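See structure below.
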Amino acid sequence: MQTGRDAERDGGGERQDRLIAHSLTLFFAIFLAIAAVIGGLGAIFYQSEVKRYLENTAEQERYRIELLRYLVHGTFDDVIGDLFVLAGQNELERLLVDGDKQHLRSAIADEYLAFATLKGVYDQLRFLDLEGRERVRVNYNDGAPTVVRSAELQDKHQRYYFTATLALRRGQVYVSPFDLNIEHGGLERPLKPMIRLGTPVFDAVGNKRGVVLINYLGHHLLERLATAGAAMSGEIALLNADGYWMLSPRADDTWGFMIPERAARRFDNDYPREWALLRAHEQGQVRTDNGLFTFAELHPLEPGRRLGVGHLARTAPGTERYVWYLVSQVPAAVIERHTGGLLARLLMLGAGVLLVIAVGSWYLALGIIRRRLYESQLVTLAHYDRLTGLPNRTLFFDRLERLHESAMRYGRRYGLLYLDLDGFKQVNDTFGHHAGDRLLEQVAVLLRQGVRRADTVARLGGDEFAILLSEVGDAAAAHQFGDKLVALIRDAEQLYHQGVRVGASAGVAIYPDHASSPELLVRRADQAMYAAKKRGKNKCVVCRRLVLS
């Protein structure tokens with residue numbers, strides 16, 4: 001516990017150092033506790049936000065993939081509907097009844113021309129007879145549709161799409177693979193994605209008389225998918241049944257099944273695990289090290305799907321497995337960029353909050369420590385002598401009571417030595433109070449050095465001191481101890497002041513030999529001390545009045 005002398009010295013730099021040191025310790029305790037709570041809450045919030053982001057992204061991707069499926073199905077519905085419109089053209093029906101007449105073919109060509117101009121998505125519109133000869137053809141010509149002259153019409157009886165379409169029954173549709181257009185034995189440049197659709201036509205009595213064919217410009221479908229997918233977090237891909245890209249975020253990935261140098265560019269080569277899952281399920285979603293994949297099978301010609309024109313679209317024999325795969329990939333880098341950005345924002349916010357908390361914690365710690373030091377000072381001032389730093393009368397009697405209770409409980413002896421200085425008044429009167437104070441400080445140091453750690457030295461006032469002996473064997477031992485303290489003061493050179501030598505008279509009383517209560521013990525020790533003064537001073541006298549049992 002802090003002494004009175006220490007309390008006075010704390011008024012300077014030492015007190016400030018103690019204040020800072022204790023405040024820093026408490027500051028770190030407060031700050032780390034609050035930081036741990038905030039860090040834990042921040043981690044919970046971060047995990048919750050990441051989970052919410054992933055769930056929202058997954059839900060949005062599933063919803064958008066479904067929209068893209070409707071877009072593809074709607075596109076096929078439109079194209080097949082147009083095919084049946086052309087197959088049911090009244091001019092064509094008249095030509096099948098009246099025969100191949102020029103004015104009828106011209107009328108058909110005019111309608112094909114208007115149709116191609118209006119739609120803007122068909123590369124060719126054609127009618128072929130049973131022998132595979134083109135009777136009417138309109139070419140789109142990159143936005144400037146033209147009717148092909150009779151002399152330029154071609155024989156297509158050996159082309160796969162003609163023979164496949166001619167083999168169909170009424171109401172059936174042939175759909176070619178989605179591939180690149182070939183001209184003169186090579187790929188047309190720039191690349192022209194193409195889907196060919198055809199259906200047979202019949203005369204009024206039900207005889208098959210030829211086929212109507214449409215070459216659909218596939219880049220329109222791909223552009224619609226890319227445009228609709230641009231608002232998505234993921235990158236859109238369209239794959240054929242073999243895993244080749246028909247639409248990819250990277251143009252060099254596409255059409256590997258027709259461009260030899262791209263033959264290795266397949267989805268399954270880059271994403272084997274994802275491809276296996278995609279092939280095993282009609283639709284689904286999976287998150288891997290490569291990101292979040294959302295996929296769905298596309299069956300543009302689902303059996304029994306009713307079209308707007310009221311016909312049933314059926315695949316040609318051998319094309320029942322006409323399947324594409326629509327895939328959206330949210331790359332791992334996109335997910336990490338979002339979660340990393342969220343973490344960076346949280347860390348910046350946390351740093352700002354912790355800075356505010358650090359300032360608050362410092363002032364809180366400083367205030368608490370100041371209050372504790374102030375309370376400690378109050379306790380020190382209330383229980384310790386300001387001059388010598390020894391326990392004062394209040395603390396002395398408190399310790400006396402506690403020592404007495406312990407002695408009674410355990411049947412022990414304790415002693416009280418009452419000591420008064422001899423010659424102190426002369427020093428005080430001759431050399432002043434400053435010299436007297438200095439002398440009292442030196443006596444206090446000597447007494448603290450002369451007693452045991454368990455004993456208590458107190459200043460009761462003026463030049464009176466009391467020593468509580470926590471355990472004593474008997475009166476003789478207490479008397480010997482008192483003589484030792486008296487000799488220590490008498491022989492101390494530092495107490496010799498310009499010809500005036502200071503001594504001490506002491507009286508000893510022992511519980512329970514000389515008194516049964518603390519108050520009586522004090523009186524008996526005081527009486528013994530006065531007896532020592534009467535006997536010539538510089539002596540220790542033991543109380544002679546025993547307690548009768």
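For the structure tokens, the naming scheme is as follows: chains receive sequential letters (A, B, ...) according to their order of presentation, residues are indexed from 1 within each chain, and ligands are indexed from 1 in presentation order.
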query: Near region 225-234 of chain A, within 10 Å and counting only C-alpha atoms, which residues show up once chain neighbours fewer than 5 positions away are dropped, as a PyMOL selection string?
result: chain A and resi 57-58+60-61+64-65+67-69+71-72+219-220+247-249+291-294+326-331+334-335
Identify all residues of region 198-278 of chain A in alpha helix (DSSP H) (DSSP on the backbone) and supply them as an mmCIF file with N, CA and C atoms, in the first residue's frame.
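Output (out06.cif):
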data_model
loop_
_atom_site.group_PDB
_atom_site.id
_atom_site.type_symbol
_atom_site.label_atom_id
_atom_site.label_comp_id
_atom_site.auth_asym_id
_atom_site.auth_seq_id
_atom_site.Cartn_x
_atom_site.Cartn_y
_atom_site.Cartn_z
ATOM 1 N N GLY A 218 -27.893 -18.015 -87.649
ATOM 2 C CA GLY A 218 -27.753 -18.349 -86.233
ATOM 3 C C GLY A 218 -27.140 -17.251 -85.383
ATOM 4 N N HIS A 219 -26.435 -16.300 -86.016
ATOM 5 C CA HIS A 219 -25.810 -15.267 -85.175
ATOM 6 C C HIS A 219 -26.861 -14.399 -84.501
ATOM 7 N N HIS A 220 -28.086 -14.352 -85.072
ATOM 8 C CA HIS A 220 -29.155 -13.596 -84.406
ATOM 9 C C HIS A 220 -29.509 -14.236 -83.057
ATOM 10 N N LEU A 221 -29.601 -15.557 -83.029
ATOM 11 C CA LEU A 221 -29.873 -16.243 -81.767
ATOM 12 C C LEU A 221 -28.728 -16.038 -80.788
ATOM 13 N N LEU A 222 -27.488 -16.161 -81.271
ATOM 14 C CA LEU A 222 -26.325 -16.003 -80.391
ATOM 15 C C LEU A 222 -26.252 -14.588 -79.838
ATOM 16 N N GLU A 223 -26.555 -13.594 -80.694
ATOM 17 C CA GLU A 223 -26.531 -12.204 -80.227
ATOM 18 C C GLU A 223 -27.617 -11.950 -79.196
ATOM 19 N N ARG A 224 -28.785 -12.549 -79.391
ATOM 20 C CA ARG A 224 -29.859 -12.377 -78.400
ATOM 21 C C ARG A 224 -29.461 -12.982 -77.058
ATOM 22 N N LEU A 225 -28.836 -14.161 -77.123
ATOM 23 C CA LEU A 225 -28.366 -14.779 -75.876
ATOM 24 C C LEU A 225 -27.297 -13.920 -75.214
ATOM 25 N N ALA A 226 -26.351 -13.428 -76.005
ATOM 26 C CA ALA A 226 -25.264 -12.617 -75.439
ATOM 27 C C ALA A 226 -25.804 -11.326 -74.857
ATOM 28 N N THR A 227 -26.757 -10.694 -75.564
ATOM 29 C CA THR A 227 -27.327 -9.422 -75.077
ATOM 30 C C THR A 227 -28.128 -9.646 -73.802
ATOM 31 N N ALA A 228 -28.959 -10.685 -73.808
ATOM 32 C CA ALA A 228 -29.764 -10.974 -72.612
ATOM 33 C C ALA A 228 -28.877 -11.379 -71.443
ATOM 34 N N GLY A 229 -27.737 -12.045 -71.748
ATOM 35 C CA GLY A 229 -26.846 -12.489 -70.675
ATOM 36 C C GLY A 229 -25.899 -11.425 -70.192
ATOM 37 N N PHE A 267 -15.537 -27.677 -73.880
ATOM 38 C CA PHE A 267 -15.865 -27.365 -72.491
ATOM 39 C C PHE A 267 -15.302 -28.421 -71.555
ATOM 40 N N ASP A 268 -15.398 -29.688 -71.958
ATOM 41 C CA ASP A 268 -14.952 -30.756 -71.064
ATOM 42 C C ASP A 268 -13.454 -30.774 -70.882
ATOM 43 N N ASN A 269 -12.697 -30.207 -71.819
ATOM 44 C CA ASN A 269 -11.244 -30.124 -71.638
ATOM 45 C C ASN A 269 -10.873 -29.102 -70.573
ATOM 46 N N ASP A 270 -11.633 -28.017 -70.506
ATOM 47 C CA ASP A 270 -11.351 -26.970 -69.505
ATOM 48 C C ASP A 270 -12.017 -27.265 -68.168
ATOM 49 N N PRO A 272 -13.635 -30.498 -66.776
ATOM 50 C CA PRO A 272 -14.086 -31.901 -66.817
ATOM 51 C C PRO A 272 -15.094 -32.238 -65.718
ATOM 52 N N ARG A 273 -14.864 -31.737 -64.510
ATOM 53 C CA ARG A 273 -15.789 -32.053 -63.407
ATOM 54 C C ARG A 273 -17.157 -31.447 -63.667
ATOM 55 N N GLU A 274 -17.166 -30.200 -64.113
ATOM 56 C CA GLU A 274 -18.429 -29.526 -64.374
ATOM 57 C C GLU A 274 -19.177 -30.183 -65.545
ATOM 58 N N TRP A 275 -18.418 -30.634 -66.561
ATOM 59 C CA TRP A 275 -19.048 -31.290 -67.712
ATOM 60 C C TRP A 275 -19.724 -32.590 -67.289
ATOM 61 N N ALA A 276 -19.083 -33.337 -66.405
ATOM 62 C CA ALA A 276 -19.676 -34.590 -65.928
ATOM 63 C C ALA A 276 -20.989 -34.319 -65.193
ATOM 64 N N LEU A 277 -21.013 -33.292 -64.367
ATOM 65 C CA LEU A 277 -22.250 -32.946 -63.659
ATOM 66 C C LEU A 277 -23.313 -32.473 -64.630
ATOM 67 N N LEU A 278 -22.888 -31.686 -65.609
ATOM 68 C CA LEU A 278 -23.821 -31.142 -66.593
ATOM 69 C C LEU A 278 -24.466 -32.276 -67.390
#
task: Name all residues at most 12 Å from region 111-114 of chain A (count only C-alpha atoms; drop same-chain ones fewer than 3 positions away) and give them as a PyMOL selection string.
output: chain A and resi 82-83+85-87+89-92+104-108+117-120+122-127+136-141+143-148+212-214
query: Do you know which residues are at most 10 Å from Leu32 (chain A) counting only C-alpha atoms, after dropping those on the same chain fewer than 5 positions away, and could you put them as a list of chain:residue names?
result: A:Leu26, A:Phe27, A:Val37, A:Ile38, A:Gly39, A:Leu354, A:Ala358, A:Ser361
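Distance-wise, CA of Ala164 (chain A) and CA of Phe76 (chain A) end up 18.8 Å apart.
Taking region 446-543 of chain A and asking which residues DSSP calls strand (DSSP E) on the backbone, you get A:Thr456, A:Val457, A:Ala458, A:Arg459, A:Leu460, A:Gly461, A:Glu464, A:Phe465, A:Ala466, A:Ile467, A:Leu468, A:Leu469, A:Tyr496, A:His497, A:Val500, A:Arg501, A:Gly503, A:Ala504, A:Ser505, A:Ala506, A:Gly507, A:Val508, A:Ala509, A:Ile510, A:Tyr511, A:Cys540, A:Val541, A:Val542.
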Go ahead and dump the residues you just picked, C-alpha atoms, as a short mmCIF file (atom, residue, chain, number, x, y, z; two decimals), in the first residue's frame.
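Below you can see part_13.cif, which holds the result:
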data_model
loop_
_atom_site.label_atom_id
_atom_site.label_comp_id
_atom_site.auth_asym_id
_atom_site.auth_seq_id
_atom_site.Cartn_x
_atom_site.Cartn_y
_atom_site.Cartn_z
CA THR A 456 3.55 -2.83 12.66
CA VAL A 457 5.28 0.47 13.44
CA ALA A 458 2.89 3.43 13.82
CA ARG A 459 3.19 7.09 14.72
CA LEU A 460 0.42 8.01 17.16
CA GLY A 461 1.23 11.70 17.23
CA GLU A 464 5.02 8.98 20.23
CA PHE A 465 5.38 5.70 18.38
CA ALA A 466 3.80 2.27 18.87
CA ILE A 467 4.97 -1.11 17.69
CA LEU A 468 2.62 -4.09 17.41
CA LEU A 469 4.54 -7.34 17.98
CA TYR A 496 22.95 13.41 17.14
CA HIS A 497 22.15 17.03 16.34
CA VAL A 500 21.85 17.29 21.44
CA ARG A 501 21.50 13.53 21.62
CA GLY A 503 17.03 8.80 23.09
CA ALA A 504 13.84 6.85 23.71
CA SER A 505 11.77 5.47 26.57
CA ALA A 506 9.65 2.42 25.91
CA GLY A 507 6.95 0.48 27.71
CA VAL A 508 5.82 -3.05 26.87
CA ALA A 509 2.53 -4.82 27.61
CA ILE A 510 1.57 -8.33 26.48
CA TYR A 511 -1.79 -9.90 25.75
CA CYS A 540 12.43 -0.22 28.22
CA VAL A 541 10.08 -1.24 31.06
CA VAL A 542 7.64 -4.14 31.02
#
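In this model, the gap between CA of Tyr216 (chain A) and CA of Asp242 (chain A) comes to 21.8 Å.
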message: Set the distance at 12 Å and use only C-alpha atoms: which residues neighbour Asp455 (chain A) once local chain neighbours fewer than 3 positions away are removed? I'd like the list as a PyMOL selection string.
response: chain A and resi 391+396+399-400+403+414-417+447-452+458+466-472+481
Those residues you just picked out, can you put them in a file as a PDB file, in the first residue's frame with N, CA and C atoms?
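Result file is part-v7.pdb:
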ATOM      1  N   PRO A 391       1.943   3.985   9.494  1.00  0.00           N
ATOM      2  CA  PRO A 391       0.510   3.971   9.803  1.00  0.00           C
ATOM      3  C   PRO A 391       0.199   4.982  10.898  1.00  0.00           C
ATOM      4  N   PHE A 396      -3.480   2.150  13.016  1.00  0.00           N
ATOM      5  CA  PHE A 396      -2.881   1.391  14.102  1.00  0.00           C
ATOM      6  C   PHE A 396      -3.950   0.673  14.912  1.00  0.00           C
ATOM      7  N   ARG A 399      -5.499  -2.253  13.005  1.00  0.00           N
ATOM      8  CA  ARG A 399      -4.654  -3.458  13.006  1.00  0.00           C
ATOM      9  C   ARG A 399      -4.583  -4.092  14.385  1.00  0.00           C
ATOM     10  N   LEU A 400      -4.626  -3.267  15.417  1.00  0.00           N
ATOM     11  CA  LEU A 400      -4.635  -3.787  16.784  1.00  0.00           C
ATOM     12  C   LEU A 400      -5.880  -4.642  17.012  1.00  0.00           C
ATOM     13  N   LEU A 403      -5.460  -7.926  15.103  1.00  0.00           N
ATOM     14  CA  LEU A 403      -4.479  -8.786  15.756  1.00  0.00           C
ATOM     15  C   LEU A 403      -5.051  -9.382  17.038  1.00  0.00           C
ATOM     16  N   TYR A 414       0.431 -11.602  21.799  1.00  0.00           N
ATOM     17  CA  TYR A 414       1.014 -10.509  21.011  1.00  0.00           C
ATOM     18  C   TYR A 414       1.368  -9.403  21.977  1.00  0.00           C
ATOM     19  N   GLY A 415       2.269  -8.554  21.525  1.00  0.00           N
ATOM     20  CA  GLY A 415       2.728  -7.502  22.412  1.00  0.00           C
ATOM     21  C   GLY A 415       2.561  -6.124  21.812  1.00  0.00           C
ATOM     22  N   LEU A 416       2.580  -5.116  22.695  1.00  0.00           N
ATOM     23  CA  LEU A 416       2.494  -3.718  22.278  1.00  0.00           C
ATOM     24  C   LEU A 416       3.620  -2.960  22.960  1.00  0.00           C
ATOM     25  N   LEU A 417       4.434  -2.291  22.126  1.00  0.00           N
ATOM     26  CA  LEU A 417       5.544  -1.512  22.645  1.00  0.00           C
ATOM     27  C   LEU A 417       5.228  -0.048  22.382  1.00  0.00           C
ATOM     28  N   LEU A 447      13.121   2.527  13.106  1.00  0.00           N
ATOM     29  CA  LEU A 447      12.142   1.603  13.681  1.00  0.00           C
ATOM     30  C   LEU A 447      11.697   0.555  12.650  1.00  0.00           C
ATOM     31  N   ARG A 448      11.478   0.996  11.388  1.00  0.00           N
ATOM     32  CA  ARG A 448      11.074   0.034  10.345  1.00  0.00           C
ATOM     33  C   ARG A 448      12.171  -1.004  10.122  1.00  0.00           C
ATOM     34  N   GLN A 449      13.421  -0.554  10.225  1.00  0.00           N
ATOM     35  CA  GLN A 449      14.537  -1.478  10.042  1.00  0.00           C
ATOM     36  C   GLN A 449      14.694  -2.426  11.225  1.00  0.00           C
ATOM     37  N   GLY A 450      14.258  -2.008  12.376  1.00  0.00           N
ATOM     38  CA  GLY A 450      14.494  -2.798  13.588  1.00  0.00           C
ATOM     39  C   GLY A 450      13.408  -3.801  13.890  1.00  0.00           C
ATOM     40  N   VAL A 451      12.273  -3.768  13.224  1.00  0.00           N
ATOM     41  CA  VAL A 451      11.183  -4.699  13.527  1.00  0.00           C
ATOM     42  C   VAL A 451      11.103  -5.782  12.463  1.00  0.00           C
ATOM     43  N   ARG A 452      10.309  -6.794  12.753  1.00  0.00           N
ATOM     44  CA  ARG A 452      10.087  -7.869  11.791  1.00  0.00           C
ATOM     45  C   ARG A 452       9.053  -7.445  10.754  1.00  0.00           C
ATOM     46  N   ALA A 458       3.835   2.338  14.070  1.00  0.00           N
ATOM     47  CA  ALA A 458       2.892   3.429  13.816  1.00  0.00           C
ATOM     48  C   ALA A 458       3.328   4.663  14.591  1.00  0.00           C
ATOM     49  N   ALA A 466       4.263   3.544  18.319  1.00  0.00           N
ATOM     50  CA  ALA A 466       3.796   2.271  18.872  1.00  0.00           C
ATOM     51  C   ALA A 466       4.192   1.165  17.915  1.00  0.00           C
ATOM     52  N   ILE A 467       4.586   0.036  18.521  1.00  0.00           N
ATOM     53  CA  ILE A 467       4.974  -1.109  17.691  1.00  0.00           C
ATOM     54  C   ILE A 467       4.133  -2.295  18.126  1.00  0.00           C
ATOM     55  N   LEU A 468       3.399  -2.877  17.154  1.00  0.00           N
ATOM     56  CA  LEU A 468       2.623  -4.091  17.405  1.00  0.00           C
ATOM     57  C   LEU A 468       3.518  -5.284  17.110  1.00  0.00           C
ATOM     58  N   LEU A 469       3.727  -6.128  18.141  1.00  0.00           N
ATOM     59  CA  LEU A 469       4.537  -7.338  17.975  1.00  0.00           C
ATOM     60  C   LEU A 469       3.570  -8.492  17.738  1.00  0.00           C
ATOM     61  N   SER A 470       3.535  -8.994  16.504  1.00  0.00           N
ATOM     62  CA  SER A 470       2.498  -9.961  16.122  1.00  0.00           C
ATOM     63  C   SER A 470       2.559 -11.244  16.948  1.00  0.00           C
ATOM     64  N   GLU A 471       3.756 -11.664  17.347  1.00  0.00           N
ATOM     65  CA  GLU A 471       3.891 -12.851  18.196  1.00  0.00           C
ATOM     66  C   GLU A 471       5.070 -12.645  19.147  1.00  0.00           C
ATOM     67  N   VAL A 472       4.853 -12.936  20.417  1.00  0.00           N
ATOM     68  CA  VAL A 472       5.931 -12.873  21.410  1.00  0.00           C
ATOM     69  C   VAL A 472       5.866 -14.129  22.278  1.00  0.00           C
ATOM     70  N   PHE A 481      13.361  -7.230  23.131  1.00  0.00           N
ATOM     71  CA  PHE A 481      13.111  -6.562  21.858  1.00  0.00           C
ATOM     72  C   PHE A 481      13.026  -5.049  22.063  1.00  0.00           C
TER      73      PHE A 481
END
- prompt: Could you pull the residues within 12 Å of Ser516 (chain A), counting only C-alpha atoms, minus those fewer than 5 positions along the same chain, as a PyMOL selection string?
  reply: chain A and resi 404-405+407-408+413-415+509-511+521-524+545-549
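CA of Ala382 (chain A) is positioned 22.8 Å from CA of Gly436 (chain A).
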List every residue of region 246-312 of chain A that has an atom at most 10 Å from any atom of region 174-198 of chain A, and for each one report the closest atom pair and its distance in Å to one decimal, counting only C-alpha atoms, with rows sorted by chain and then by increasing residue number, as a tab-separated table.
residue	atom	partner	partner_atom	distance
A:Met246	CA	A:Phe178	CA	8.1
A:Trp255	CA	A:Asp179	CA	7.4
A:Phe257	CA	A:Asp179	CA	8.7
A:Met258	CA	A:Leu180	CA	7.4
A:Ile259	CA	A:Leu187	CA	8.7
A:Pro300	CA	A:Val175	CA	9.4
A:Leu301	CA	A:Val175	CA	8.5
